[in-house]
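Trainee: Input file: protein28.csv. Contents: CSV, C-alpha atoms.
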chain,number,residue,atom,x,y,z
A,215,SER,CA,97.1,51.2,69.8
A,216,LYS,CA,98.7,50.8,66.3
A,217,ALA,CA,100.4,47.6,67.5
A,218,GLY,CA,96.9,46.1,68.2
A,219,VAL,CA,97.5,46.0,72.0
A,220,PRO,CA,94.2,46.4,73.9
A,221,MET,CA,93.9,49.6,75.8
A,222,ILE,CA,93.6,48.1,79.3
A,223,ARG,CA,96.6,45.8,78.7
A,224,ALA,CA,98.6,48.7,77.2
A,225,ILE,CA,98.0,51.0,80.3
A,226,ASN,CA,98.7,48.1,82.6
A,227,GLY,CA,102.0,47.6,80.9
A,228,LEU,CA,102.9,51.3,81.1
A,229,SER,CA,102.0,51.4,84.9
A,230,ASP,CA,104.3,48.3,85.5
A,231,SER,CA,107.2,50.0,83.8
A,232,MET,CA,106.6,53.5,85.2
A,233,GLU,CA,109.1,54.7,87.9
A,234,HIS,CA,107.4,58.0,88.7
A,235,PRO,CA,105.1,57.2,91.7
A,236,ALA,CA,102.4,59.7,90.9
A,237,LEU,CA,102.2,58.7,87.2
A,238,LYS,CA,102.2,55.0,88.2
A,239,GLU,CA,99.2,55.6,90.5
A,240,SER,CA,97.5,57.6,87.9
A,241,LEU,CA,97.8,54.9,85.3
A,242,MET,CA,96.6,52.3,87.8
A,243,LYS,CA,93.5,54.4,88.4
A,244,LEU,CA,92.9,54.8,84.7
A,245,ASN,CA,93.1,51.0,84.4
A,246,ARG,CA,90.6,50.5,87.2
A,247,ASP,CA,88.2,53.0,85.7
A,248,LEU,CA,88.4,51.4,82.3
A,249,ILE,CA,87.7,48.0,83.7
A,250,GLY,CA,84.7,49.6,85.6
A,251,GLY,CA,83.3,50.9,82.3
A,252,LYS,CA,84.3,54.5,82.4
A,253,SER,CA,85.7,56.2,79.2
A,254,LEU,CA,89.3,57.2,79.1
A,255,ALA,CA,88.5,60.9,78.8
A,256,LEU,CA,86.2,60.8,81.8
A,257,SER,CA,88.7,59.0,83.9
A,258,MET,CA,91.4,61.5,82.9
A,259,SER,CA,89.2,64.5,83.6
A,260,GLU,CA,89.1,63.3,87.3
A,261,GLN,CA,92.8,63.9,87.5
A,262,PRO,CA,93.2,67.5,86.4
A,263,GLU,CA,96.6,67.9,88.1
A,264,ILE,CA,98.0,65.5,85.6
A,265,TYR,CA,95.8,65.7,82.5
A,266,ASN,CA,94.8,69.2,81.5
A,267,SER,CA,91.6,70.2,79.8
A,268,LEU,CA,93.3,70.3,76.4
A,269,PHE,CA,94.6,66.7,76.8
A,270,VAL,CA,91.2,65.4,78.0
A,271,ALA,CA,89.4,67.1,75.1
A,272,MET,CA,91.7,65.5,72.6
A,273,ILE,CA,91.3,62.1,74.1
A,274,ASN,CA,87.5,62.6,74.0
A,275,VAL,CA,87.7,63.4,70.3
A,276,GLY,CA,89.8,60.4,69.7
A,277,GLU,CA,87.4,58.1,71.5
A,278,ASN,CA,84.4,59.5,69.6
A,279,THR,CA,86.0,59.3,66.2
A,280,GLY,CA,87.8,56.0,66.7
A,281,LYS,CA,91.1,57.6,66.0
A,282,LEU,CA,92.6,57.4,69.5
A,283,ASP,CA,96.0,56.2,68.1
A,284,ASP,CA,96.3,59.3,65.8
A,285,VAL,CA,95.3,61.6,68.7
A,286,PHE,CA,98.0,60.1,71.0
A,287,ALA,CA,100.6,60.6,68.2
A,288,GLN,CA,99.5,64.2,67.7
A,289,LEU,CA,99.7,64.8,71.5
A,290,ALA,CA,103.1,63.2,71.7
A,291,THR,CA,104.4,65.5,69.0
A,292,TYR,CA,102.8,68.6,70.6
A,293,PHE,CA,104.2,67.9,74.1
A,294,GLU,CA,107.6,66.9,72.8
A,295,LEU,CA,108.0,70.3,70.9
A,296,ASP,CA,106.6,72.2,73.9
A,297,MET,CA,109.0,70.5,76.2
A,298,GLN,CA,112.0,71.2,73.9
A,299,THR,CA,111.1,74.9,74.0
A,300,LYS,CA,110.8,74.9,77.8
A,301,LYS,CA,114.1,73.1,78.2
A,302,SER,CA,115.9,75.5,75.9
A,303,ILE,CA,114.7,78.5,77.9
A,304,THR,CA,115.6,76.8,81.2
A,305,ALA,CA,119.0,76.0,79.9
A,306,ALA,CA,119.6,79.5,78.7
A,307,MET,CA,118.5,81.0,82.1
A,308,ARG,CA,120.7,78.6,84.1
A,309,TYR,CA,123.9,80.6,83.6
A,310,PRO,CA,122.7,84.1,84.6
A,311,ILE,CA,120.8,82.6,87.6
A,312,MET,CA,123.9,80.8,88.8
A,313,VAL,CA,126.0,83.9,88.4
A,314,MET,CA,123.4,86.0,90.4
A,315,LEU,CA,123.3,83.3,93.2
A,316,PHE,CA,127.1,83.3,93.4
A,317,ILE,CA,127.0,87.2,93.6
A,318,VAL,CA,124.5,87.1,96.4
A,319,ALA,CA,126.5,84.4,98.3
A,320,ALA,CA,129.7,86.4,97.9
A,321,VAL,CA,128.0,89.6,99.2
A,322,VAL,CA,126.7,87.7,102.3
A,323,ILE,CA,130.1,86.1,103.1
A,324,LEU,CA,131.9,89.5,102.6
A,325,ASN,CA,129.4,91.3,104.9
A,326,ILE,CA,129.5,88.7,107.7
A,327,PHE,CA,133.1,87.5,107.7
A,328,VAL,CA,135.4,89.9,105.8
A,329,ILE,CA,134.2,93.5,106.3
A,330,PRO,CA,134.0,93.2,110.1
A,331,VAL,CA,137.7,92.4,110.2
A,332,PHE,CA,138.5,95.6,108.4
A,333,THR,CA,136.0,97.5,110.5
A,334,ASP,CA,137.9,96.5,113.7
A,335,MET,CA,141.2,97.6,112.1
A,336,PHE,CA,139.9,101.0,111.0
A,337,SER,CA,138.4,101.7,114.5
A,338,LYS,CA,141.7,101.0,116.2
A,339,PHE,CA,143.6,103.4,114.0
A,340,GLY,CA,140.8,106.1,114.2
A,341,VAL,CA,141.0,106.9,110.4
A,342,ASP,CA,138.4,109.3,108.9
A,343,LEU,CA,136.3,106.9,106.8
A,344,PRO,CA,135.0,107.9,103.3
A,345,ILE,CA,131.3,107.5,102.5
A,346,THR,CA,131.7,104.2,100.7
A,347,THR,CA,133.5,102.7,103.7
A,348,ARG,CA,130.7,103.9,106.0
A,349,ILE,CA,128.1,102.4,103.7
A,350,LEU,CA,129.9,99.0,103.7
A,351,ILE,CA,130.3,99.1,107.5
A,352,THR,CA,126.6,99.9,108.0
A,353,THR,CA,125.5,97.1,105.6
A,354,SER,CA,127.9,94.7,107.4
A,355,ASN,CA,126.5,95.6,110.8
A,356,MET,CA,123.0,94.9,109.5
A,357,PHE,CA,124.0,91.4,108.4
A,358,VAL,CA,125.9,90.6,111.6
A,359,ASN,CA,123.4,92.0,114.1
A,360,TYR,CA,120.1,91.4,112.3
A,361,TRP,CA,120.7,88.3,110.2
A,362,PRO,CA,117.9,86.3,112.0
A,363,TYR,CA,115.4,89.0,110.9
A,364,MET,CA,116.8,89.1,107.4
A,365,LEU,CA,116.6,85.3,107.1
A,366,ALA,CA,113.0,85.5,108.3
A,367,VAL,CA,112.2,88.1,105.7
A,368,ALA,CA,113.9,86.0,103.0
A,369,ILE,CA,111.7,83.1,103.9
A,370,ALA,CA,108.5,85.1,104.5
A,371,VAL,CA,108.6,87.0,101.2
A,372,PRO,CA,108.4,84.0,98.9
A,373,LEU,CA,105.6,82.5,101.0
A,374,PHE,CA,103.7,85.8,100.8
A,375,ILE,CA,104.2,86.0,97.1
A,376,LYS,CA,103.1,82.4,96.6
A,377,ASN,CA,99.9,83.1,98.6
A,378,ALA,CA,99.3,86.4,96.7
A,379,MET,CA,99.5,84.5,93.4
A,380,LYS,CA,96.4,82.6,94.4
A,381,LYS,CA,94.4,85.7,93.7
A,382,GLU,CA,93.5,86.0,90.1
A,383,SER,CA,94.0,89.7,89.9
A,384,VAL,CA,97.5,89.5,91.3
A,385,ARG,CA,98.4,86.5,89.0
A,386,THR,CA,97.1,88.4,86.0
A,387,LYS,CA,99.2,91.5,86.8
A,388,TRP,CA,102.3,89.3,87.3
A,389,ASP,CA,101.8,87.4,84.1
A,390,GLN,CA,101.4,90.7,82.2
A,391,TYR,CA,104.6,92.1,83.8
A,392,LYS,CA,106.6,88.9,83.0
A,393,LEU,CA,106.0,89.6,79.3
A,394,LYS,CA,107.6,93.1,79.7
A,395,ILE,CA,110.8,92.1,81.5
A,396,PRO,CA,113.7,93.3,79.4
A,397,VAL,CA,115.4,90.7,77.3
A,398,ILE,CA,113.5,87.7,78.9
A,399,GLY,CA,109.9,88.9,78.5
A,400,ASN,CA,109.9,88.8,74.7
A,401,ILE,CA,111.2,85.2,74.7
A,402,LEU,CA,108.5,84.2,77.1
A,403,ASN,CA,105.8,85.9,75.0
A,404,MET,CA,107.0,84.2,71.8
A,405,SER,CA,107.1,80.9,73.6
A,406,LEU,CA,103.5,81.3,74.8
A,407,LEU,CA,102.2,82.4,71.4
A,408,GLY,CA,104.0,79.4,69.8
A,409,ARG,CA,102.1,77.2,72.2
A,410,PHE,CA,98.9,79.0,71.4
A,411,CYS,CA,99.3,78.4,67.6
A,412,ARG,CA,100.3,74.8,67.9
A,413,SER,CA,97.6,73.8,70.4
A,414,PHE,CA,95.0,75.7,68.5
A,415,SER,CA,95.9,74.0,65.3
A,416,LEU,CA,95.9,70.6,67.1
A,417,MET,CA,92.4,71.3,68.3
A,418,LEU,CA,91.1,72.4,64.9
A,419,GLN,CA,92.7,69.4,63.1
A,420,SER,CA,91.0,67.1,65.5
A,421,GLY,CA,87.6,68.6,64.6
A,422,VAL,CA,87.0,70.5,67.9
A,423,PRO,CA,84.7,73.5,67.2
A,424,LEU,CA,86.4,76.9,67.0
A,425,ASN,CA,84.8,78.3,70.2
A,426,THR,CA,85.6,75.2,72.3
A,427,ALA,CA,89.1,75.1,70.9
A,428,LEU,CA,89.8,78.7,71.9
A,429,ARG,CA,88.6,78.1,75.5
A,430,LEU,CA,90.7,74.9,75.8
A,431,VAL,CA,93.8,76.7,74.4
A,432,ALA,CA,93.3,79.6,76.8
A,433,ASP,CA,93.5,77.1,79.7
A,434,ALA,CA,96.7,75.5,78.3
A,435,LEU,CA,98.6,78.8,78.0
A,436,ASP,CA,99.4,79.0,81.7
A,437,ASN,CA,99.4,82.8,81.6
A,438,LYS,CA,96.3,84.6,83.0
A,439,PHE,CA,96.9,87.8,81.1
A,440,LEU,CA,97.0,86.1,77.7
A,441,GLU,CA,94.3,83.7,78.8
A,442,LYS,CA,91.9,86.6,79.3
A,443,LYS,CA,92.8,87.9,75.8
A,444,VAL,CA,92.0,84.5,74.2
A,445,ILE,CA,88.7,84.2,76.1
A,446,ASN,CA,87.8,87.7,74.8
A,447,MET,CA,88.6,86.4,71.2
A,448,GLN,CA,86.2,83.5,71.9
A,449,LYS,CA,83.4,85.9,73.0
A,450,GLN,CA,83.9,88.0,69.9
A,451,ILE,CA,83.8,85.0,67.6
A,452,GLU,CA,80.5,84.0,69.3
A,453,GLN,CA,79.2,87.4,68.3
A,454,GLY,CA,80.0,86.8,64.6
A,455,VAL,CA,83.4,88.5,64.3
A,456,SER,CA,85.9,86.7,62.1
A,457,LEU,CA,88.9,84.9,63.6
A,458,SER,CA,91.4,87.2,61.8
A,459,GLN,CA,89.6,90.3,63.1
A,460,THR,CA,89.6,89.1,66.7
A,461,ALA,CA,93.3,88.2,66.4
A,462,LEU,CA,94.0,91.7,65.2
A,463,GLN,CA,92.0,93.3,68.0
A,464,SER,CA,93.7,91.1,70.7
A,465,GLU,CA,97.1,92.8,69.9
A,466,MET,CA,98.8,89.5,70.7
A,467,PHE,CA,100.3,88.5,67.4
A,468,SER,CA,103.0,89.8,65.0
A,469,PRO,CA,102.0,91.1,61.6
A,470,LEU,CA,103.2,88.0,59.8
A,471,VAL,CA,101.0,85.7,61.9
A,472,LEU,CA,98.0,88.1,61.5
A,473,GLN,CA,98.4,87.6,57.7
A,474,MET,CA,98.3,83.9,58.3
A,475,PHE,CA,95.0,84.3,60.2
A,476,ALA,CA,93.6,86.4,57.3
A,477,VAL,CA,94.6,83.9,54.6
A,478,GLY,CA,93.4,81.0,56.8
A,479,ASP,CA,90.0,82.7,57.1
A,480,GLU,CA,89.8,83.1,53.3
A,481,THR,CA,91.0,79.6,52.4
A,482,GLY,CA,89.6,77.6,55.3
A,483,ARG,CA,93.2,76.4,56.1
A,484,VAL,CA,93.5,78.0,59.5
A,485,ASP,CA,94.9,74.8,61.1
A,486,GLU,CA,97.7,74.4,58.5
A,487,LEU,CA,98.7,78.1,58.7
A,488,LEU,CA,98.7,78.0,62.5
A,489,ILE,CA,101.4,75.3,62.3
A,490,GLU,CA,103.5,77.7,60.2
A,491,GLY,CA,102.7,80.4,62.8
A,492,ALA,CA,103.9,78.1,65.6
A,493,ASP,CA,107.1,77.3,63.6
A,494,TYR,CA,107.7,81.0,63.2
A,495,TYR,CA,107.4,81.8,66.9
A,496,GLU,CA,109.5,78.8,67.9
A,497,ARG,CA,112.2,79.9,65.5
A,498,GLU,CA,112.1,83.3,67.2
A,499,VAL,CA,112.3,81.7,70.6
A,500,ASP,CA,115.3,79.6,69.5
A,501,TYR,CA,117.1,82.7,68.2
A,502,GLY,CA,116.2,84.7,71.3
A,503,VAL,CA,117.5,81.9,73.6
A,504,LYS,CA,120.8,81.6,71.7
A,505,SER,CA,121.4,85.3,71.9
A,506,LEU,CA,120.2,85.6,75.5
A,507,THR,CA,123.6,85.0,77.1
A,508,SER,CA,125.3,87.6,75.0
A,509,LYS,CA,122.6,90.1,76.0
A,510,ILE,CA,122.7,89.3,79.8
A,511,GLU,CA,126.4,89.0,80.2
A,512,PRO,CA,127.0,92.9,79.9
A,513,LEU,CA,124.4,93.4,82.6
A,514,LEU,CA,126.0,90.9,84.9
A,515,LEU,CA,129.4,92.4,84.2
A,516,VAL,CA,128.1,95.8,85.2
A,517,VAL,CA,126.7,94.4,88.5
A,518,VAL,CA,130.0,92.6,89.3
A,519,SER,CA,132.0,95.7,88.4
A,520,LEU,CA,129.9,97.9,90.7
A,521,ILE,CA,130.3,95.5,93.6
A,522,VAL,CA,134.0,95.1,93.1
A,523,GLY,CA,134.4,98.9,92.7
A,524,LEU,CA,132.5,99.6,95.9
A,525,LEU,CA,134.5,97.1,97.8
A,526,ALA,CA,137.8,98.5,96.4
A,527,MET,CA,136.9,102.1,97.3
A,528,GLY,CA,135.4,101.2,100.6
A,529,ILE,CA,138.3,99.0,101.9
A,530,PHE,CA,141.4,100.0,100.1
A,531,SER,CA,140.9,103.8,100.2
A,532,PRO,CA,141.1,104.0,104.1
A,533,MET,CA,144.0,101.5,104.1
A,534,TRP,CA,145.9,103.9,101.8
A,535,ASP,CA,145.1,106.7,104.2
A,536,MET,CA,146.3,104.6,107.1
A,537,TYR,CA,149.5,103.8,105.2
A,538,GLY,CA,150.1,107.5,104.5
A,539,ALA,CA,149.5,108.4,108.2
A,540,MET,CA,152.0,105.8,109.3
A,541,GLN,CA,154.5,107.0,106.8
A,542,GLY,CA,154.1,110.5,108.1
A,543,LYS,CA,154.8,109.4,111.7
A,544,GLN,CA,158.1,107.8,110.7
Kindly transcribe the structure held in the file into structure tokens.

Mentor:
Amino acid sequence: SKAGVPMIRAINGLSDSMEHPALKESLMKLNRDLIGGKSLALSMSEQPEIYNSLFVAMINVGENTGKLDDVFAQLATYFELDMQTKKSITAAMRYPIMVMLFIVAAVVILNIFVIPVFTDMFSKFGVDLPITTRILITTSNMFVNYWPYMLAVAIAVPLFIKNAMKKESVRTKWDQYKLKIPVIGNILNMSLLGRFCRSFSLMLQSGVPLNTALRLVADALDNKFLEKKVINMQKQIEQGVSLSQTALQSEMFSPLVLQMFAVGDETGRVDELLIEGADYYEREVDYGVKSLTSKIEPLLLVVVSLIVGLLAMGIFSPMWDMYGAMQGKQ
């Protein structure tokens, strides 16, 4: 827009250069709708799977005020920062997830291919087996004899969970539990609160009314538990309660950010102070992500140590007994 390129021509150029099929089709639809006389915001609202309510509201404000180029610039900055936060969390979680997958794979391979070999050997010698060995043999027999059922359960459980998540009550409980997971939960919470502050500030700076801004921000959080808290804030504001008071009662925010809300109420600079609040939460997320590996590594080490210790006790202990028995016969 700042380059003076007409909207239809700009979108047409973007669709021609777009490699992603879904986005390409979306842009082509936007172009057809604009040529047909629809507004950009209305056309985008018909594609909620791509353009969320916050995005559409911002575009609507830009069209009504004639500042669509500024709105696009603000949205670009907002989504860029949001994506950076998501990528940093994903990158930090990649290492522990890979380690856990390797552990699971190792346990499956040991139970199906390795432990049965030792089981046959122990049965031939008729050695009295310790409890750890009996546990390993029982587990191995389950893997060998019931692997189709275990595979079916491994496939069915994720499908069941995915279907259960469609229920709002279940999704709300899960979203609440996620925020309480040791080590990870606090980072997720800080990330969502940073998104709240930044998107709320974006709405207010664009001239969106406070009540409408809160409703749109609630939709953008992608967390049903926090969404309900924000909707409750909106209802309290409609009843005449101040923003800082509703923020305090929500029990969502840290004391420093609550002070920012209070100062914002007094000075009328809520949008500016929310940016500082977003920066604060994003710094906390960055610090949490950088220290995540050092916090998770001891837990992974304990898990690996327990597995190795169980295998050592379960396999080598009867082998030593066998060796002692053989020595006694000589």

Trainee: Calculate how many Å separate CA of Lys387 (chain A) from CA of Val455 (chain A), rounding to one decimal.

Mentor: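 Value for the CA of Lys387 (chain A)-CA of Val455 (chain A) distance: 27.7 Å.
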
Trainee: Which residues come within 8 Å of Asp247 (chain A), counting only C-alpha atoms, excluding same-chain residues fewer than 6 positions away, as a list in words?

Mentor: Ser253, Leu254 and Ser257 of chain A

Trainee: Excluding Ser229 (chain A) and its own-chain neighbours fewer than 6 positions away, which residues fall within 10 Å of it when counting only C-alpha atoms? Please give them as a list of chain:residue names.

Mentor: A:Arg223, A:Pro235, A:Leu237, A:Lys238, A:Glu239, A:Ser240, A:Leu241, A:Met242, A:Lys243, A:Leu244, A:Asn245

Trainee: Using all atoms listed in the file, what table do you get, as a tab-separated table, when you list each residue of region 427-487 of chain A with an atom no more than 12 Å from region 271-274 of chain A, its nearest pair of atoms, and their distance in Å rounded to one decimal, rows by chain then rising number?

Mentor:
residue	atom	partner	partner_atom	distance
A:Ala427	CA	A:Ala271	CA	9.0
A:Arg429	CA	A:Ala271	CA	11.0
A:Leu430	CA	A:Ala271	CA	7.9
A:Val431	CA	A:Ala271	CA	10.6
A:Asp433	CA	A:Ala271	CA	11.7
A:Ala434	CA	A:Ala271	CA	11.6

Trainee: Would you save the residues of that selection, restricted to C-alpha atoms, as a CSV table (one decimal), keeping the file's coordinate frame?

Mentor:
chain,number,residue,atom,x,y,z
A,427,ALA,CA,89.1,75.1,70.9
A,429,ARG,CA,88.6,78.1,75.5
A,430,LEU,CA,90.7,74.9,75.8
A,431,VAL,CA,93.8,76.7,74.4
A,433,ASP,CA,93.5,77.1,79.7
A,434,ALA,CA,96.7,75.5,78.3

Trainee: Go through A:Leu402, A:Ala287, A:Met533, A:Thr386 and flag the residue nearest Met335 (chain A), using all atoms listed in the file for the distances.

Mentor: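 Looking at the shortest contact to Met335 (chain A), the residue is A:Met533.
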
Trainee: Please write as number ranges by chain the list of polymer residues whose atoms come within 12 Å of (137.2, 99.8, 97.1), counting all atoms listed in the file and keeping to the coordinates of the file.

Mentor: A: 329, 344-350, 519-534

Trainee: Which residues are close to region 473-476 of chain A, i.e. within 12 Å by all atoms listed in the file, leaving aside same-chain residues fewer than 6 positions away? Reply as a list of chain:residue names.

Mentor: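 The filter keeps A:Cys411, A:Phe414, A:Ser415, A:Ser456, A:Leu457, A:Ser458, A:Gln459, A:Thr460, A:Ala461, A:Leu462, A:Phe467, A:Gly482, A:Arg483, A:Val484, A:Asp485, A:Glu486, A:Leu487, A:Leu488, A:Ile489, A:Glu490, A:Gly491, A:Ala492, A:Tyr494.
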
Trainee: Between A:Met356, A:Asp493, A:Ala366, A:Gly251, which is the closest to Leu295 (chain A) once you count all atoms listed in the file?

Mentor: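 Among the listed residues, the smallest separation from Leu295 (chain A) belongs to A:Asp493.
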
Trainee: Which one is closest to Gln419 (chain A): A:Val516, A:Val285, A:Ile401, A:Ala255? Count only C-alpha atoms.

Mentor: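 Smallest separation from Gln419 (chain A) among the options: A:Val285.
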
Trainee: Counting only C-alpha atoms, which residues come within 12 Å of (115.3, 75.3, 78.3), with the point read in the file's coordinates, and could you list them as a CSV table (one decimal) with C-alpha atoms, keeping the file's coordinate frame?

Mentor:
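File written: result-v1.csv
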chain,number,residue,atom,x,y,z
A,295,LEU,CA,108.0,70.3,70.9
A,296,ASP,CA,106.6,72.2,73.9
A,297,MET,CA,109.0,70.5,76.2
A,298,GLN,CA,112.0,71.2,73.9
A,299,THR,CA,111.1,74.9,74.0
A,300,LYS,CA,110.8,74.9,77.8
A,301,LYS,CA,114.1,73.1,78.2
A,302,SER,CA,115.9,75.5,75.9
A,303,ILE,CA,114.7,78.5,77.9
A,304,THR,CA,115.6,76.8,81.2
A,305,ALA,CA,119.0,76.0,79.9
A,306,ALA,CA,119.6,79.5,78.7
A,307,MET,CA,118.5,81.0,82.1
A,308,ARG,CA,120.7,78.6,84.1
A,309,TYR,CA,123.9,80.6,83.6
A,401,ILE,CA,111.2,85.2,74.7
A,402,LEU,CA,108.5,84.2,77.1
A,405,SER,CA,107.1,80.9,73.6
A,499,VAL,CA,112.3,81.7,70.6
A,500,ASP,CA,115.3,79.6,69.5
A,502,GLY,CA,116.2,84.7,71.3
A,503,VAL,CA,117.5,81.9,73.6
A,504,LYS,CA,120.8,81.6,71.7
A,506,LEU,CA,120.2,85.6,75.5

Trainee: To one decimal place, how far is CA of Phe336 (chain A) from CA of Leu324 (chain A) in Å?

Mentor: 16.3 Å

Trainee: Measure the distance from CA of Glu511 (chain A) to CA of Pro310 (chain A) in Å and round it to one decimal.

Mentor: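 Straight-line distance from CA of Glu511 (chain A) to CA of Pro310 (chain A) works out to 7.6 Å.
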
Trainee: Between A:Ala224, A:Val397, A:Leu440, A:Val321, which one has atoms that come closest to Val517 (chain A), using only C-alpha atoms?

Mentor: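 Distance minimum relative to Val517 (chain A) lands on A:Val321.
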
Trainee: Taking all atoms listed in the file into account, name the residue in A:Leu428, A:Leu435, A:Ile264, A:Val331 that is nearest to Met447 (chain A).

Mentor: A:Leu428

Trainee: My list of candidates is A:Ile326, A:Ile249, A:Val275, A:Ala290. Which is closest to Pro423 (chain A) when distances are computed with all atoms listed in the file?

Mentor: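 Closest to Pro423 (chain A) of all the choices is A:Val275.
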